[in-house]
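> So here's coords_36.cif (mmCIF, C-alpha atoms and all ligand atoms).
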```cif
data_query
#
loop_
_atom_site.label_atom_id
_atom_site.label_comp_id
_atom_site.auth_asym_id
_atom_site.auth_seq_id
_atom_site.Cartn_x
_atom_site.Cartn_y
_atom_site.Cartn_z
CA MET A 14 -66.03 46.43 -194.05
CA LEU A 15 -64.28 49.66 -194.86
CA THR A 16 -65.51 51.40 -191.73
CA THR A 17 -64.88 48.40 -189.48
CA PHE A 18 -61.42 47.02 -190.22
CA PRO A 19 -59.27 50.06 -191.08
CA GLU A 20 -58.55 52.08 -187.92
CA PRO A 21 -57.12 55.54 -187.24
CA GLY A 22 -53.48 55.57 -188.34
CA ASP A 23 -54.04 52.93 -191.02
CA VAL A 24 -53.79 53.63 -194.74
CA ILE A 25 -56.17 52.58 -197.52
CA LEU A 26 -54.81 52.49 -201.08
CA SER A 27 -57.72 52.86 -203.49
CA ASP A 28 -57.72 52.56 -207.29
CA GLU A 29 -58.86 55.82 -208.90
CA ARG A 30 -61.55 53.96 -210.84
CA ASN A 31 -63.12 52.27 -207.84
CA HIS A 32 -66.91 52.34 -207.66
CA ALA A 33 -68.67 55.13 -205.75
CA SER A 34 -69.73 52.68 -203.02
CA LEU A 35 -66.07 51.87 -202.31
CA ILE A 36 -65.15 55.54 -202.40
CA ASP A 37 -67.89 56.37 -199.91
CA GLY A 38 -66.93 53.47 -197.65
CA ILE A 39 -63.35 54.69 -197.69
CA ARG A 40 -64.44 58.27 -196.97
CA LEU A 41 -66.35 57.05 -193.93
CA SER A 42 -63.38 55.08 -192.66
CA PRO A 43 -61.08 56.65 -190.05
CA ALA A 44 -58.00 55.55 -192.02
CA ARG A 45 -55.97 57.85 -194.27
CA ARG A 46 -56.70 57.33 -197.95
CA GLU A 47 -54.34 57.37 -200.89
CA ILE A 48 -55.80 57.32 -204.39
CA VAL A 49 -53.64 55.36 -206.80
CA ALA A 50 -53.68 55.58 -210.61
CA HIS A 51 -55.69 52.85 -212.29
CA ASN A 52 -54.06 49.42 -212.00
CA ASP A 53 -50.74 51.04 -211.00
CA VAL A 54 -49.13 48.07 -209.30
CA ALA A 55 -45.69 49.72 -209.12
CA THR A 56 -47.01 52.62 -207.03
CA VAL A 57 -49.02 50.32 -204.78
CA ARG A 58 -45.93 48.18 -204.25
CA ARG A 59 -43.84 51.26 -203.40
CA MET A 60 -46.41 52.51 -200.91
CA LEU A 61 -46.66 49.08 -199.29
CA GLU A 62 -42.88 48.87 -199.01
CA ARG A 63 -42.93 52.18 -197.10
CA GLY A 64 -45.24 50.48 -194.60
CA ARG A 65 -42.86 47.61 -194.21
CA ALA A 66 -39.97 50.04 -193.75
CA GLY A 67 -41.44 51.16 -190.45
CA GLU A 68 -44.24 53.62 -191.19
CA PRO A 69 -46.90 52.78 -188.59
CA GLY A 70 -50.40 51.49 -189.32
CA GLU A 71 -51.98 48.63 -191.23
CA ARG A 72 -52.30 48.94 -194.99
CA PHE A 73 -55.32 47.97 -197.05
CA VAL A 74 -55.47 47.77 -200.85
CA VAL A 75 -59.00 48.15 -202.25
CA VAL A 76 -59.83 47.34 -205.87
CA GLU A 77 -62.59 46.01 -208.09
CA SER A 78 -61.64 42.71 -209.67
CA LEU A 79 -63.47 43.66 -212.86
CA PHE A 80 -63.91 47.39 -213.27
CA SER A 81 -67.51 48.34 -213.85
CA MET A 82 -67.17 51.01 -216.52
CA ASP A 83 -64.12 49.76 -218.44
CA GLY A 84 -64.59 46.00 -218.17
CA ASP A 85 -60.88 45.52 -217.51
CA GLU A 86 -59.36 43.41 -214.75
CA ALA A 87 -57.29 44.49 -211.79
CA PRO A 88 -53.86 42.80 -211.73
CA LEU A 89 -54.97 40.64 -208.81
CA VAL A 90 -51.98 38.30 -208.86
CA GLN A 91 -49.52 41.18 -208.54
CA TYR A 92 -51.58 42.92 -205.88
CA ALA A 93 -51.91 39.66 -203.93
CA GLU A 94 -48.15 39.09 -204.08
CA ALA A 95 -47.38 42.67 -203.02
CA CYS A 96 -49.82 42.48 -200.10
CA ALA A 97 -48.57 39.08 -198.97
CA ALA A 98 -44.94 40.26 -199.12
CA THR A 99 -45.62 43.36 -197.02
CA GLY A 100 -48.32 42.18 -194.62
CA ALA A 101 -50.98 44.37 -196.24
CA HIS A 102 -54.62 43.36 -196.65
CA LEU A 103 -56.25 43.03 -200.06
CA ILE A 104 -59.98 43.82 -200.29
CA VAL A 105 -61.61 42.99 -203.62
CA ASP A 106 -65.01 44.06 -204.93
CA GLU A 107 -66.24 41.17 -207.07
CA ALA A 108 -69.51 42.90 -208.03
CA HIS A 109 -69.04 42.26 -211.74
CA ALA A 110 -67.13 38.99 -211.50
CA VAL A 111 -69.11 36.86 -209.04
CA GLY A 112 -71.20 34.34 -210.94
CA ILE A 113 -69.13 34.86 -214.08
CA TYR A 114 -65.56 33.68 -213.42
CA GLY A 115 -63.92 30.71 -211.75
CA GLY A 116 -64.62 26.98 -211.92
CA ARG A 117 -67.23 27.30 -209.18
CA GLY A 118 -68.36 30.70 -210.38
CA THR A 119 -67.19 32.59 -207.32
CA GLY A 120 -65.32 35.24 -209.29
CA LEU A 121 -61.93 36.45 -210.42
CA ILE A 122 -60.28 35.73 -207.07
CA GLU A 123 -60.94 32.07 -207.81
CA GLU A 124 -60.10 32.34 -211.52
CA ARG A 125 -56.72 33.97 -210.80
CA GLY A 126 -55.93 31.61 -207.91
CA VAL A 127 -55.37 34.26 -205.24
CA ALA A 128 -57.97 33.24 -202.65
CA ASP A 129 -55.30 32.49 -200.05
CA ARG A 130 -53.90 36.03 -200.33
CA VAL A 131 -57.13 38.06 -200.39
CA PHE A 132 -58.38 39.31 -197.05
CA LEU A 133 -62.05 39.94 -197.92
CA SER A 134 -64.27 40.15 -200.96
CA ILE A 135 -67.50 42.05 -201.52
CA ASN A 136 -70.00 40.22 -203.68
CA ALA A 137 -72.86 42.30 -204.99
CA ALA A 138 -75.90 40.12 -205.61
CA GLY A 139 -77.67 42.50 -207.96
CA LYS A 140 -75.65 41.73 -211.09
CA ALA A 141 -75.03 38.19 -212.38
CA LEU A 142 -76.64 36.71 -209.28
CA GLY A 143 -79.88 38.40 -210.31
CA VAL A 144 -81.06 39.30 -206.83
CA ALA A 145 -80.14 42.34 -204.70
CA GLY A 146 -77.97 43.17 -201.74
CA ALA A 147 -74.49 41.81 -201.26
CA PHE A 148 -72.40 39.57 -199.07
CA VAL A 149 -68.88 39.66 -197.73
CA ALA A 150 -66.68 36.57 -198.01
CA GLY A 151 -63.54 35.97 -195.97
CA PRO A 152 -62.11 34.10 -193.00
CA ALA A 153 -64.63 33.09 -190.32
CA TRP A 154 -63.00 35.30 -187.68
CA ALA A 155 -63.31 38.36 -189.93
CA ILE A 156 -66.98 37.69 -190.70
CA ASP A 157 -67.61 37.22 -186.98
CA TYR A 158 -65.81 40.47 -186.26
CA LEU A 159 -67.98 42.25 -188.83
CA ILE A 160 -71.16 40.84 -187.31
CA GLN A 161 -70.06 42.09 -183.89
CA ARG A 162 -68.57 45.42 -184.92
CA ALA A 163 -69.92 46.76 -188.25
CA ARG A 164 -72.23 49.61 -187.28
CA PRO A 165 -74.05 49.86 -190.64
CA PHE A 166 -74.83 46.15 -190.27
CA ILE A 167 -75.78 46.17 -186.60
CA PHE A 168 -77.92 49.29 -186.67
CA SER A 169 -80.01 48.64 -189.73
CA THR A 170 -82.86 46.25 -190.46
CA ALA A 171 -81.75 42.89 -191.77
CA PRO A 172 -82.60 42.02 -195.37
CA PRO A 173 -85.83 40.02 -195.60
CA PRO A 174 -85.43 36.22 -195.44
CA ALA A 175 -86.95 35.92 -198.93
CA LEU A 176 -83.96 37.81 -200.28
CA ALA A 177 -81.51 35.49 -198.54
CA SER A 178 -83.45 32.53 -199.87
CA ALA A 179 -83.39 33.87 -203.44
CA LEU A 180 -79.66 34.48 -203.13
CA ASP A 181 -79.16 30.96 -201.83
CA ALA A 182 -81.02 29.59 -204.88
CA SER A 183 -78.97 31.82 -207.16
CA LEU A 184 -75.69 30.54 -205.69
CA ASP A 185 -76.90 26.96 -206.25
CA ILE A 186 -77.48 27.76 -209.93
CA VAL A 187 -74.05 29.38 -210.24
CA GLU A 188 -72.33 26.37 -208.71
CA GLY A 189 -74.47 23.70 -210.39
CA GLU A 190 -74.77 25.12 -213.91
CA PRO A 191 -71.29 26.09 -215.13
CA GLN A 192 -72.53 25.70 -218.72
CA ARG A 193 -74.15 29.12 -218.32
CA ARG A 194 -70.72 30.68 -217.86
CA ALA A 195 -69.43 28.86 -220.94
CA ARG A 196 -72.40 30.14 -222.95
CA LEU A 197 -71.76 33.68 -221.75
CA ARG A 198 -68.09 33.44 -222.71
CA ALA A 199 -69.04 32.24 -226.20
CA ALA A 200 -71.52 35.11 -226.67
CA VAL A 201 -68.90 37.63 -225.49
CA GLU A 202 -66.29 36.22 -227.89
CA THR A 203 -68.73 36.38 -230.81
CA LEU A 204 -69.79 39.95 -230.04
CA ARG A 205 -66.24 41.18 -229.44
CA ALA A 206 -65.05 39.61 -232.70
CA ARG A 207 -67.93 41.17 -234.63
CA LEU A 208 -67.28 44.60 -233.10
CA ALA A 209 -63.60 44.36 -234.00
CA THR A 210 -64.41 43.41 -237.60
CA ALA A 211 -66.83 46.34 -237.84
CA GLY A 212 -64.12 48.71 -236.55
CA VAL A 213 -66.16 49.75 -233.49
CA PRO A 214 -64.02 51.55 -230.84
CA ALA A 215 -64.63 48.97 -228.10
CA GLY A 216 -62.59 48.60 -224.93
CA ALA A 217 -59.91 45.92 -224.98
CA GLY A 218 -60.09 42.75 -222.92
CA SER A 219 -62.29 39.70 -222.87
CA SER A 220 -64.96 40.47 -220.29
CA HIS A 221 -68.73 40.74 -220.70
CA ILE A 222 -68.54 44.49 -219.97
CA ILE A 223 -67.70 46.16 -223.27
CA PRO A 224 -67.36 49.95 -223.30
CA ILE A 225 -67.90 51.55 -226.71
CA PHE A 226 -66.08 54.87 -226.60
CA VAL A 227 -67.86 57.85 -228.12
CA GLY A 228 -66.21 60.78 -226.28
CA ASP A 229 -68.81 63.52 -226.49
CA ASN A 230 -71.67 63.38 -223.97
CA GLY A 231 -74.46 64.37 -226.36
CA ALA A 232 -73.27 61.97 -229.05
CA ALA A 233 -73.15 59.09 -226.56
CA VAL A 234 -76.74 59.80 -225.50
CA ALA A 235 -77.86 60.03 -229.15
CA VAL A 236 -76.27 56.65 -229.96
CA ALA A 237 -77.84 55.06 -226.89
CA GLU A 238 -81.26 56.45 -227.83
CA ALA A 239 -80.94 55.17 -231.40
CA LEU A 240 -80.15 51.71 -230.05
CA GLN A 241 -82.97 51.85 -227.53
CA ALA A 242 -85.35 52.70 -230.40
CA CYS A 243 -84.24 49.41 -232.00
CA GLY A 244 -85.02 47.53 -228.78
CA PHE A 245 -81.51 47.32 -227.29
CA ASP A 246 -81.26 48.46 -223.67
CA VAL A 247 -77.86 50.10 -223.94
CA ARG A 248 -77.07 53.10 -221.73
CA ALA A 249 -74.79 56.08 -222.23
CA ILE A 250 -72.32 56.59 -219.38
CA ARG A 251 -71.07 60.14 -218.91
CA PRO A 252 -68.97 62.15 -216.45
CA PRO A 253 -68.78 62.18 -213.48
CA THR A 254 -69.23 58.40 -213.66
CA VAL A 255 -66.34 58.29 -216.16
CA PRO A 256 -63.58 60.86 -216.81
CA PRO A 257 -64.50 63.90 -218.94
CA GLY A 258 -64.22 63.31 -222.69
CA THR A 259 -64.68 59.56 -222.38
CA ALA A 260 -68.48 59.24 -222.59
CA ARG A 261 -69.32 55.77 -223.75
CA LEU A 262 -71.95 53.15 -224.23
CA ARG A 263 -71.72 50.40 -221.70
CA VAL A 264 -72.63 47.09 -223.29
CA SER A 265 -73.09 44.31 -220.78
CA VAL A 266 -73.54 40.88 -222.35
CA ASN A 267 -75.91 38.47 -220.69
CA VAL A 268 -76.19 34.75 -221.16
CA ASN A 269 -79.32 35.01 -223.30
CA LEU A 270 -77.66 37.06 -226.03
CA THR A 271 -78.12 34.93 -229.15
CA ASP A 272 -76.21 35.06 -232.44
CA ASP A 273 -79.37 36.40 -234.01
CA LEU A 274 -79.43 39.35 -231.60
CA ILE A 275 -75.75 39.98 -232.20
CA ASP A 276 -76.44 39.96 -235.95
CA ARG A 277 -79.01 42.71 -235.43
CA PHE A 278 -77.08 44.64 -232.78
CA VAL A 279 -73.79 45.26 -234.60
CA PRO A 280 -75.29 46.96 -237.71
CA ALA A 281 -77.66 48.96 -235.48
CA LEU A 282 -74.66 50.13 -233.46
CA THR A 283 -72.47 51.00 -236.44
CA SER A 284 -75.30 52.90 -238.07
CA ALA A 285 -75.99 54.85 -234.84
CA LEU A 286 -72.29 55.64 -234.44
CA THR A 287 -72.03 56.79 -238.05
CA GLY A 288 -75.17 58.90 -237.50
CA VAL A 289 -73.39 61.01 -234.88
CA GLY A 290 -70.14 61.12 -236.82
CA ALA A 291 -68.27 58.88 -234.37
CA GLY A 292 -65.29 57.63 -236.37
CA LEU A 293 -65.56 54.05 -237.57
C1 LIG A 301 -68.14 47.66 -208.46
C2 LIG A 301 -69.46 47.82 -207.77
N1 LIG A 301 -69.53 47.61 -206.45
C3 LIG A 301 -70.69 47.73 -205.78
C4 LIG A 301 -71.84 48.07 -206.43
C5 LIG A 301 -73.10 48.22 -205.63
O1 LIG A 301 -74.02 47.27 -205.96
P1 LIG A 301 -75.52 47.47 -205.47
O2 LIG A 301 -76.01 48.70 -206.14
O3 LIG A 301 -76.20 46.24 -205.94
O4 LIG A 301 -75.48 47.61 -204.00
C6 LIG A 301 -71.84 48.30 -207.80
C7 LIG A 301 -73.10 48.68 -208.49
O5 LIG A 301 -73.15 49.30 -209.50
C8 LIG A 301 -70.61 48.17 -208.50
O6 LIG A 301 -70.54 48.40 -209.82
#
```
Can you turn what I pasted into structure tokens?


Amino acid sequence: MLTTFPEPGDVILSDERNHASLIDGIRLSPARREIVAHNDVATVRRMLERGRAGEPGERFVVVESLFSMDGDEAPLVQYAEACAATGAHLIVDEAHAVGIYGGRGTGLIEERGVADRVFLSINAAGKALGVAGAFVAGPAWAIDYLIQRARPFIFSTAPPPALASALDASLDIVEGEPQRRARLRAAVETLRARLATAGVPAGAGSSHIIPIFVGDNGAAVAVAEALQACGFDVRAIRPPTVPPGTARLRVSVNVNLTDDLIDRFVPALTSALTGVGAGL
């Protein structure tokens, strides 16, 4: 997508916390790139206005709908409005939102009601969809254009049909079993409430991605290892994946997290954090 639609002379505005795959796609694109501070709608709006004021080239805004390491949302409504008002094109990576949000489970674009103002979305299938690979969603003409023009698509072997079939089955489950999303939301609410009561330094928000900030790299690894020894597959995320000094655990809640597991997880976490002297 990012090497096919933006052309020389165009500009891509990219959130500074975008995933490496977006960064690499943007680097491979012939368009000029501008990195924008995280969720800085005012700056994006200003840069888009410059485009409308006569600066040549198309403008693309590229964001994740739910950021992978912080679990916070992009202000999609504001971005969609700004893009619509200035003729810019909004590209949204729904990797962590597809299958989780929206009445039909298609993601945050659906949940926030901006589908008519988003140009294209990228939907990674290896997260909630439980498969692998990804698909692009957007207007038929744009998908057709990609099929005809996207070199990485044209000049590489197609995914095996079994993968497409598994993805198809996964999408049926997402659409047909919304109760799974409700169960996930309930588990997230319970865990977030318990973490808050225990005074754990968890990231704000309401998503299933809950960063637990530790700060020091070694301490984050020690906490993760202590939790892994108790049977919890929690990983420490360190720079360069996140900014220096913000090493963290990345807790990702899945639909099978029971109250019983939460009851065991929170004390294990607080004891591991206390063990490394992380302030509680
Ligand atoms: C926001 C985001 N986009 C894209 C990807 C790429 O997904 P995959 O590794 O399944 O291709 C990831 C994976 O971590 C991601 O977090």

> Mind giving me the straight-line distance from atom CA of A:Ala177 to atom CA of A:Val149 in Å, one decimal?

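Distance reported for this atom pair: 13.3 Å.
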
> Could you pull the residues within 10 Å of A:Asp28, counting all atoms listed in the file, minus those fewer than 2 positions along the same chain, as a ChimeraX atom specification?

/A:25-26,30-32,35-36,47-54,57,74-77,87

> Give the residues close to ligand LIG 301 (chain A), within 10 Å, counting only C-alpha atoms and all ligand atoms; write them as a PyMOL selection string.

chain A and resi 30-36+76-82+105-110+135-140+143-148

> Pull C-alpha atoms from the residues just selected and write them as a PDB file, in the frame of the given file.


```pdb
ATOM      1  CA  ARG A  30     -61.550  53.960-210.840  1.00  0.00           C
ATOM      2  CA  ASN A  31     -63.120  52.270-207.840  1.00  0.00           C
ATOM      3  CA  HIS A  32     -66.910  52.340-207.660  1.00  0.00           C
ATOM      4  CA  ALA A  33     -68.670  55.130-205.750  1.00  0.00           C
ATOM      5  CA  SER A  34     -69.730  52.680-203.020  1.00  0.00           C
ATOM      6  CA  LEU A  35     -66.070  51.870-202.310  1.00  0.00           C
ATOM      7  CA  ILE A  36     -65.150  55.540-202.400  1.00  0.00           C
ATOM      8  CA  VAL A  76     -59.830  47.340-205.870  1.00  0.00           C
ATOM      9  CA  GLU A  77     -62.590  46.010-208.090  1.00  0.00           C
ATOM     10  CA  SER A  78     -61.640  42.710-209.670  1.00  0.00           C
ATOM     11  CA  LEU A  79     -63.470  43.660-212.860  1.00  0.00           C
ATOM     12  CA  PHE A  80     -63.910  47.390-213.270  1.00  0.00           C
ATOM     13  CA  SER A  81     -67.510  48.340-213.850  1.00  0.00           C
ATOM     14  CA  MET A  82     -67.170  51.010-216.520  1.00  0.00           C
ATOM     15  CA  VAL A 105     -61.610  42.990-203.620  1.00  0.00           C
ATOM     16  CA  ASP A 106     -65.010  44.060-204.930  1.00  0.00           C
ATOM     17  CA  GLU A 107     -66.240  41.170-207.070  1.00  0.00           C
ATOM     18  CA  ALA A 108     -69.510  42.900-208.030  1.00  0.00           C
ATOM     19  CA  HIS A 109     -69.040  42.260-211.740  1.00  0.00           C
ATOM     20  CA  ALA A 110     -67.130  38.990-211.500  1.00  0.00           C
ATOM     21  CA  ILE A 135     -67.500  42.050-201.520  1.00  0.00           C
ATOM     22  CA  ASN A 136     -70.000  40.220-203.680  1.00  0.00           C
ATOM     23  CA  ALA A 137     -72.860  42.300-204.990  1.00  0.00           C
ATOM     24  CA  ALA A 138     -75.900  40.120-205.610  1.00  0.00           C
ATOM     25  CA  GLY A 139     -77.670  42.500-207.960  1.00  0.00           C
ATOM     26  CA  LYS A 140     -75.650  41.730-211.090  1.00  0.00           C
ATOM     27  CA  GLY A 143     -79.880  38.400-210.310  1.00  0.00           C
ATOM     28  CA  VAL A 144     -81.060  39.300-206.830  1.00  0.00           C
ATOM     29  CA  ALA A 145     -80.140  42.340-204.700  1.00  0.00           C
ATOM     30  CA  GLY A 146     -77.970  43.170-201.740  1.00  0.00           C
ATOM     31  CA  ALA A 147     -74.490  41.810-201.260  1.00  0.00           C
ATOM     32  CA  PHE A 148     -72.400  39.570-199.070  1.00  0.00           C
TER      33      PHE A 148
END
```

> Name the residues in contact with stretch 68-73 of chain A at a cut-off of 9 Å, using only C-alpha atoms, excluding same-chain residues fewer than 5 positions from it; report them as a ChimeraX atom specification.

/A:19-27,61,63,96,99-104

> Using only C-alpha atoms, which of the listed residues (A:Ala199, A:Pro174, A:Ala95, A:Asp37) sits closest to A:Asp272?

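Between A:Ala199, A:Pro174, A:Ala95, A:Asp37, the residue approaching A:Asp272 most closely is A:Ala199.
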
> Mind giving me the straight-line distance from atom CA of A:Gly115 to atom CA of A:Ala215 in Å, one decimal?

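Atom CA of A:Gly115 sits 24.5 Å away from atom CA of A:Ala215.
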
> Have a look at atom CA of A:Ala260 and atom CA of A:Gly84 and let me know their distance in Å, one decimal.

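Calculated distance between atom CA of A:Ala260 and atom CA of A:Gly84 is 14.5 Å.
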
> Which residue, A:Arg277, A:Ala233, A:Pro257, A:Pro214, has the smallest gap to A:Phe245 when you use only C-alpha atoms?

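Smallest separation from A:Phe245 among the options: A:Arg277.
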
> Write out, as a tab-separated table, each residue of stretch 188-246 of chain A that has an atom at most 12 Å from stretch 119-126 of chain A, together with the closest pair of atoms and their distance in Å to one decimal, counting only C-alpha atoms, rows going by chain and rising number.


```
residue	atom	partner	partner_atom	distance
A:Glu188	CA	A:Thr119	CA	8.2
A:Gly189	CA	A:Thr119	CA	11.9
A:Pro191	CA	A:Thr119	CA	11.0
A:Arg194	CA	A:Gly120	CA	11.1
A:Ser220	CA	A:Leu121	CA	11.1
```

> Find the residues near A:Val127: any atom within 8 Å, counting all atoms listed in the file, skip ones fewer than 6 places away on the same chain, and give them as a list in words.

Leu89, Val90 and Ala93 of chain A

> Using only C-alpha atoms, find the one residue out of A:Val111, A:Ala55, A:Leu159, A:Ala150 that sits nearest to A:Met14.

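Nearest candidate to A:Met14 out of A:Val111, A:Ala55, A:Leu159, A:Ala150: A:Leu159.
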
> Could you tell me which of A:Gly244, A:Ala249, A:Ile39, A:Ala239 comes closest to A:Ile225 if we count all atoms listed in the file?

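Among A:Gly244, A:Ala249, A:Ile39, A:Ala239, it is A:Ala249 that comes nearest to A:Ile225.
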
> Env of A:Asn230: 12 Å cut, atoms = all atoms listed in the file, seq-sep filter 3 positions within chain, self excluded. Answer as a list of chain:residue names.

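Result of the neighbour search: A:Phe226, A:Val227, A:Ala233, A:Val234, A:Ala235, A:Val236, A:Ala237, A:Arg248, A:Ala249, A:Ile250, A:Arg251, A:Pro252, A:Pro253, A:Thr254, A:Val255, A:Pro256, A:Pro257, A:Gly258, A:Thr259, A:Ala260, A:Arg261, A:Leu262, A:Val289, A:Ala291.
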
> Need to verify the contact set: A:Pro280, 10 Å, only C-alpha atoms, exclusion of same-chain residues closer than 5 positions in sequence. Can you return it as a PDB file with C-alpha atoms, keeping the file's coordinate frame?


```pdb
ATOM      1  CA  ARG A 207     -67.930  41.170-234.630  1.00  0.00           C
ATOM      2  CA  LEU A 208     -67.280  44.600-233.100  1.00  0.00           C
ATOM      3  CA  ALA A 211     -66.830  46.340-237.840  1.00  0.00           C
ATOM      4  CA  ILE A 275     -75.750  39.980-232.200  1.00  0.00           C
ATOM      5  CA  ALA A 285     -75.990  54.850-234.840  1.00  0.00           C
ATOM      6  CA  LEU A 286     -72.290  55.640-234.440  1.00  0.00           C
TER       7      LEU A 286
END
```

> Have a look at A:Gly288, A:Asp85, A:Ala163, A:Phe168 and name the one nearest to A:Ile223; count only C-alpha atoms.

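Residue with the minimum atom-to-atom distance to A:Ile223: A:Asp85.
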
> For each of A:Ser178, A:Ala195, A:Ala217, A:Ala97, take the minimum atom-to-atom distance to A:Asn269, counting all atoms listed in the file, then give the residue where this is smallest.

A:Ala195
